[in-house]
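Enquirer: Below is one structure. I have some questions about it.
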Amino acid sequence: MNNNRLTVIPPGHALSGKVSPPGSKSITNRALLLAGLARGTSRLTGALKSDDTRHMANALRAMGVRVDEPDDTSFIVTGTGRLEAPSGPLFLGNAGTATRFLTAAAAAVEGIVIVDGDEHMHKRPIAPLVIALQSLGIKAEAPTGCPPVTIEGQGHFGTGRVEIDAGLSSQYVSALLMAAPLAPQGTSEPVTIALTGTEIGARGYIGLTLDAMAAFGAKVEQVDEATWTVLPTGYRAADFHIEPDASAATYLWAAEKLTGGAIDIGTPAEKFTQPDAKAYGVIASFPHMPAEIDGSQMQDAVPTLAVLAAFNETPVRFTGIENLRVKECDRTRALSLGLNAIREGLAEEDGDDLIVHADPALAGQHLPAEIDTFADHRIAMCFALAGLKISGITILDPLCVGKTYPGYWDALASLGVEYET
């Protein structure tokens, strides 16, 4: 495959067959961290092997955790119950989960930890999490408000009450929750984590965090919708199975709907616990998608839905997507630029909303367009869907899908999609 460009050839037939999406990125990185914090050996199955999870695994190795990979979907993680100070900065690429989660966990290391990433990560905000850590008496600083972050750990997490503004990302809350059991053992005081408001981006991911924590022995009580108390239990090793990635499934659900096919992904939509699985109902409504779609609780599915909306019978406005501007790239802008490259006027930004001016007549046309992915895996994968119905769609930097779905292009090819490179 050409590393720089890939043109999707419309298959001209329904896509049918069986494709197994990779394991959930969100759950894999939670499980890796918790296994690394636990005492003993944990076996993680169904895991995702991608850039993001590789960064997490390598960071754990740098902090004294043994991480073995016996096969393509498993990790065996052996920890001592604590992380050691690494010999140098932790480089986490553009992995938001690894960066946010390890920033909080690093507070329990005895020594200095620098959490860093690539040029894209240097633009992703982390100040709310750093401020929250400082309020617990933890020495942490991020001079630009984005990584790199320097944490001077004291060998344990803080105690008491911490408030966090989670409007930008639920990952800040998950980071604090997962680090909280590392408070000093023997203290009777739990760590209380409270939102400064009830607004929280993608709240469903908090549920994934709490479920994973419970599996590794944490004790958490949800006081109300904005407050949690966490006991200083530490973590114990566990065997943990990771479900398929719901965000990855959205591309396959949309490909099935766009082409009138039948793609078996091995897991019914209702069996997923991840928030992005809510997108299944919207995809199923195509070509009569709702006039307004609130993307706040299924943010990573919005790119899929936006490209699908281009072929809908009627226009679609996406609301609640302010956080898309601070993802791996400004996804709202990337979607707008990509859709308008296909046909001028196909999309417009209205404040932080995205309006897709649907046109079912696009299907079957030859509309040469180069899609700038901005090195964002989700932009590459969602615009491949446009190439199923329109000829001339060229994806730039196609290998950026390796962040979460390295086998994406092969998966489509197994269903009969061909490419020019």
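By convention here, the chains of the structure tokens are called A, B, ... in the order presented, each chain's residues are numbered starting at 1, and ligands are numbered starting at 1 in the order presented.
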Give me the residues near Ile390 of chain A as JSON, numbers by chain, where near means some atom within 12 Å (using only C-alpha atoms) and where sequence neighbours in that chain fewer than 5 positions away do not count.
Expert: {"A": [7, 8, 9, 10, 11, 12, 258, 259, 307, 310, 311, 339, 342, 343, 360, 361, 362, 363, 364, 365, 366, 367, 368, 369, 383, 384, 385]}
Enquirer: Hey, what's within 12 Å of segment 157-162 of chain A if we count only C-alpha atoms and toss same-chain stuff fewer than 6 positions away? As JSON, numbers by chain, please?
Expert: {"A": [82, 83, 103, 104, 105, 106, 107, 108, 109, 110, 128, 129, 130, 131, 132, 133, 134, 135, 136, 137, 138, 139, 151, 172, 173, 175, 176, 177, 178, 179, 180, 181, 182, 183, 184, 185, 186, 187, 188, 189, 190, 191, 192, 193, 194, 195, 196, 226, 227, 228, 229, 230, 231, 232, 233, 234]}
Enquirer: As a PyMOL selection string, please: all residues of segment 248-347 of chain A that backbone DSSP puts in helix (DSSP H, G or I).
Expert: chain A and resi 248-259+269-271+275-284+299-309+322-326+331-342
Enquirer: Could you name the residues that touch segment 391-407 of chain A at 9 Å or less, counting only C-alpha atoms, but leaving out those on the same chain fewer than 3 positions away, as a ChimeraX atom specification?
Expert: /A:1-10,21-22,24-25,48-53,94-95,248,342,363-381,383-384,386-388,410-412,420-421
Enquirer: Can you work out the spacing between atom CA of Gly261 of chain A and atom CA of Leu415 of chain A in Å, to one decimal?
Expert: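 Computed distance, atom CA of Gly261 of chain A to atom CA of Leu415 of chain A, equals 9.9 Å.
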